[in-house]
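Report on one structure; see the data block that follows.
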Amino acid sequence: MAWDAEPTIVINGRALTEAQACTVRIALANLRIELSDPKFLLATGGLGVTYTRSIDEIQRIMGLSE
């Protein structure tokens, strides 16, 4: 998949800069990788499954997964 530009991300009515959006995208991707470790997932006390689902949904919205 070709990457043209960072997604537009708006927080509390304020659009993030491209660099800020890149930071959010990378942070989410890294957390998703961490959550793929069963020990890390277990340490989240059950929230890991919710985080994983939310990250997957956000990545789909960003056009990073199908």
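Chain labels A, B, ... are given in the sequence in which chains occur in the structure tokens; within each chain residues are numbered consecutively from 1, and ligands are likewise numbered from 1 in the order shown.
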- request: Within chain A, find each residue whose DSSP state, derived from the backbone, is alpha helix (DSSP H), and express the selection as a PyMOL selection string.
  value: chain A and resi 18-35+38-43+47-61
query: Can you list, as number ranges by chain, every protein, DNA or RNA residue that comes within 10 Å of segment 8-15 of chain A when you count only C-alpha atoms, leaving out same-chain residues fewer than 3 positions away?
result: A: 5, 18, 20-22, 24-25, 62
With all heavy atoms retained, write the just-selected residues as a PDB file, in the first residue's frame.
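The result, stored in again12.pdb:
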```pdb
ATOM      1  N   ALA A   5      -0.036  10.509   2.510  1.00  0.00           N
ATOM      2  CA  ALA A   5      -0.001  11.569   3.522  1.00  0.00           C
ATOM      3  C   ALA A   5      -0.525  11.007   4.830  1.00  0.00           C
ATOM      4  O   ALA A   5      -1.199   9.978   4.856  1.00  0.00           O
ATOM      5  CB  ALA A   5      -0.864  12.744   3.085  1.00  0.00           C
ATOM      6  N   GLU A  18       0.983  17.409  10.523  1.00  0.00           N
ATOM      7  CA  GLU A  18       1.362  16.149   9.903  1.00  0.00           C
ATOM      8  C   GLU A  18       2.331  15.376  10.803  1.00  0.00           C
ATOM      9  O   GLU A  18       2.215  14.161  10.959  1.00  0.00           O
ATOM     10  CB  GLU A  18       1.985  16.391   8.528  1.00  0.00           C
ATOM     11  CG  GLU A  18       2.194  15.120   7.758  1.00  0.00           C
ATOM     12  CD  GLU A  18       2.557  15.338   6.301  1.00  0.00           C
ATOM     13  OE1 GLU A  18       2.546  16.484   5.827  1.00  0.00           O
ATOM     14  OE2 GLU A  18       2.853  14.336   5.641  1.00  0.00           O
ATOM     15  N   GLN A  20       2.550  15.558  14.079  1.00  0.00           N
ATOM     16  CA  GLN A  20       1.795  15.054  15.234  1.00  0.00           C
ATOM     17  C   GLN A  20       0.959  13.837  14.848  1.00  0.00           C
ATOM     18  O   GLN A  20       0.881  12.856  15.592  1.00  0.00           O
ATOM     19  CB  GLN A  20       0.906  16.155  15.800  1.00  0.00           C
ATOM     20  CG  GLN A  20       1.671  17.273  16.462  1.00  0.00           C
ATOM     21  CD  GLN A  20       0.815  18.498  16.743  1.00  0.00           C
ATOM     22  OE1 GLN A  20      -0.159  18.764  16.037  1.00  0.00           O
ATOM     23  NE2 GLN A  20       1.179  19.244  17.782  1.00  0.00           N
ATOM     24  N   ALA A  21       0.326  13.889  13.675  1.00  0.00           N
ATOM     25  CA  ALA A  21      -0.470  12.754  13.201  1.00  0.00           C
ATOM     26  C   ALA A  21       0.427  11.533  12.983  1.00  0.00           C
ATOM     27  O   ALA A  21       0.037  10.406  13.301  1.00  0.00           O
ATOM     28  CB  ALA A  21      -1.207  13.113  11.922  1.00  0.00           C
ATOM     29  N   CYS A  22       1.628  11.765  12.471  1.00  0.00           N
ATOM     30  CA  CYS A  22       2.599  10.686  12.285  1.00  0.00           C
ATOM     31  C   CYS A  22       2.952  10.066  13.628  1.00  0.00           C
ATOM     32  O   CYS A  22       3.031   8.840  13.764  1.00  0.00           O
ATOM     33  CB  CYS A  22       3.843  11.230  11.586  1.00  0.00           C
ATOM     34  SG  CYS A  22       5.148  10.013  11.377  1.00  0.00           S
ATOM     35  N   VAL A  24       1.113   9.969  16.360  1.00  0.00           N
ATOM     36  CA  VAL A  24      -0.038   9.185  16.828  1.00  0.00           C
ATOM     37  C   VAL A  24      -0.110   7.864  16.076  1.00  0.00           C
ATOM     38  O   VAL A  24      -0.302   6.795  16.687  1.00  0.00           O
ATOM     39  CB  VAL A  24      -1.347   9.986  16.667  1.00  0.00           C
ATOM     40  CG1 VAL A  24      -2.566   9.099  16.915  1.00  0.00           C
ATOM     41  CG2 VAL A  24      -1.353  11.190  17.589  1.00  0.00           C
ATOM     42  N   ARG A  25       0.060   7.895  14.767  1.00  0.00           N
ATOM     43  CA  ARG A  25      -0.002   6.673  13.946  1.00  0.00           C
ATOM     44  C   ARG A  25       1.058   5.674  14.398  1.00  0.00           C
ATOM     45  O   ARG A  25       0.775   4.482  14.604  1.00  0.00           O
ATOM     46  CB  ARG A  25       0.183   7.021  12.469  1.00  0.00           C
ATOM     47  CG  ARG A  25       0.195   5.808  11.552  1.00  0.00           C
ATOM     48  CD  ARG A  25       0.367   6.196  10.091  1.00  0.00           C
ATOM     49  NE  ARG A  25       1.528   7.006   9.830  1.00  0.00           N
ATOM     50  CZ  ARG A  25       2.777   6.542   9.678  1.00  0.00           C
ATOM     51  NH1 ARG A  25       3.026   5.251   9.818  1.00  0.00           N
ATOM     52  NH2 ARG A  25       3.773   7.358   9.407  1.00  0.00           N
ATOM     53  N   MET A  62      -7.923   4.967   9.314  1.00  0.00           N
ATOM     54  CA  MET A  62      -6.764   5.656   8.732  1.00  0.00           C
ATOM     55  C   MET A  62      -6.366   5.074   7.372  1.00  0.00           C
ATOM     56  O   MET A  62      -5.509   5.611   6.695  1.00  0.00           O
ATOM     57  CB  MET A  62      -5.554   5.560   9.673  1.00  0.00           C
ATOM     58  CG  MET A  62      -5.678   6.365  10.924  1.00  0.00           C
ATOM     59  SD  MET A  62      -4.171   6.077  11.897  1.00  0.00           S
ATOM     60  CE  MET A  62      -4.272   7.426  13.061  1.00  0.00           C
TER      61      MET A  62
END
```
